[in-house]
Amino acid sequence: MIPSPRTDCHWIEFILMARTDKTCMWDVVTTESGVVLGRVKWFGRWRKYSFFPADGTIYETTCLRDIAAFLDEQMSLRRKARS
C-alpha cells in the first residue's frame, strides 16, 4: 500500500509517521504552526482507519471534512492493494 498525501487541505496536513506491511500511521498537523491535532491509524475492532484526536483539540467543519476524506482515500487504497 502506497499512501497518497492530500495536498488540497488548507489548514491541516498528514505526515506519515510509521508504516508496516499492512497499515500506516499519520500525524495530523496544522499547516501554519505544525501543532499535532491527532493521529490517523488502523483501528482493528472496526477494521478501518480512524482518527484519534489529541486532548484539548477542537475542529470545525472544513478540517473534519478533510480528515474524513483522507480516511476514505486510505481505505480505498487499502482495498485496492488487497485485491
# chains A, B, ... in the order shown; residues from 1 in each chain; ligands from 1
>>> residues_around(residues="Met25 in chain A", least_positions_apart="5", cutoff="8 Å", atoms="only C-alpha atoms", output="list of chain:residue names")
A:Leu16, A:Met17, A:Ala18, A:Arg19, A:Arg39, A:Val40, A:Lys41, A:Trp42
>>> residues_around(residues="Ala68 in chain A", least_positions_apart="6", cutoff="12 Å", atoms="only C-alpha atoms", output="list in words")
Arg6, Cys9, Val28, Val40, Tyr49, Ser50, Phe51, Thr61, Thr62, Gln74 and Met75 of chain A
>>> write_last_selection(atoms="N, CA and C atoms", output="short mmCIF file (atom, residue, chain, number, x, y, z; two decimals), in the first residue's frame")
data_model
loop_
_atom_site.label_atom_id
_atom_site.label_comp_id
_atom_site.auth_asym_id
_atom_site.auth_seq_id
_atom_site.Cartn_x
_atom_site.Cartn_y
_atom_site.Cartn_z
N ARG A 6 -2.73 14.02 1.01
CA ARG A 6 -3.65 15.03 0.48
C ARG A 6 -2.89 16.34 0.39
N CYS A 9 -5.69 20.22 1.26
CA CYS A 9 -6.16 20.68 2.57
C CYS A 9 -5.58 22.07 2.84
N VAL A 28 -1.69 14.21 12.18
CA VAL A 28 -2.46 15.29 11.56
C VAL A 28 -1.98 16.57 12.22
N VAL A 40 -3.99 9.51 12.65
CA VAL A 40 -4.78 8.56 11.87
C VAL A 40 -4.03 7.24 11.92
N TYR A 49 -9.26 2.55 9.07
CA TYR A 49 -8.51 3.68 9.60
C TYR A 49 -9.45 4.61 10.34
N SER A 50 -8.96 5.16 11.44
CA SER A 50 -9.76 6.07 12.27
C SER A 50 -8.89 7.23 12.72
N PHE A 51 -9.55 8.31 13.11
CA PHE A 51 -8.86 9.49 13.61
C PHE A 51 -8.91 9.50 15.13
N THR A 61 -15.84 22.43 10.56
CA THR A 61 -16.30 21.53 9.50
C THR A 61 -15.27 21.29 8.40
N THR A 62 -14.50 22.29 8.02
CA THR A 62 -13.52 22.11 6.94
C THR A 62 -12.48 21.07 7.32
N GLN A 74 -7.60 6.51 2.19
CA GLN A 74 -6.72 5.44 2.66
C GLN A 74 -7.42 4.09 2.65
N MET A 75 -8.70 4.07 2.99
CA MET A 75 -9.45 2.81 2.94
C MET A 75 -9.59 2.32 1.49
#
>>> residues_around(residues="Glu60 in chain A", least_positions_apart="4", cutoff="12 Å", atoms="only C-alpha atoms", output="number ranges by chain")
A: 11-12, 64-67
>>> write_last_selection(atoms="C-alpha atoms", output="PDB file, in the first residue's frame")
ATOM      1  CA  TRP A  11      -5.439  24.114   7.396  1.00  0.00           C
ATOM      2  CA  ILE A  12      -4.013  20.635   8.021  1.00  0.00           C
ATOM      3  CA  LEU A  64     -13.404  17.420   9.764  1.00  0.00           C
ATOM      4  CA  ARG A  65     -14.235  17.040   6.062  1.00  0.00           C
ATOM      5  CA  ASP A  66     -10.538  16.916   5.160  1.00  0.00           C
ATOM      6  CA  ILE A  67      -9.884  14.254   7.795  1.00  0.00           C
TER       7      ILE A  67
END
>>> select_by_dssp(residues="chain A", states="helix (DSSP H, G or I)", output="PyMOL selection string")
chain A and resi 61-82
>>> select_by_dssp(residues="chain A", states="strand (DSSP E or B)", output="NGL selection string")
:A and (12-19 or 24-30 or 36-43 or 48-53)
>>> atom_distance(atom1="CA of Gly34 in chain A", atom2="CA of Glu13 in chain A")
8.9 Å
>>> residues_around(residues="Arg79 in chain A", least_positions_apart="4", cutoff="12 Å", atoms="only C-alpha atoms", output="JSON, numbers by chain")
{"A": [1, 2, 22, 23, 47, 48, 49, 72, 73, 74, 75, 83]}
>>> atom_distance(atom1="CA of Leu77 in chain A", atom2="CA of Ile15 in chain A")
16.7 Å
>>> atom_distance(atom1="CA of Asp8 in chain A", atom2="CA of Phe52 in chain A")
21.2 Å
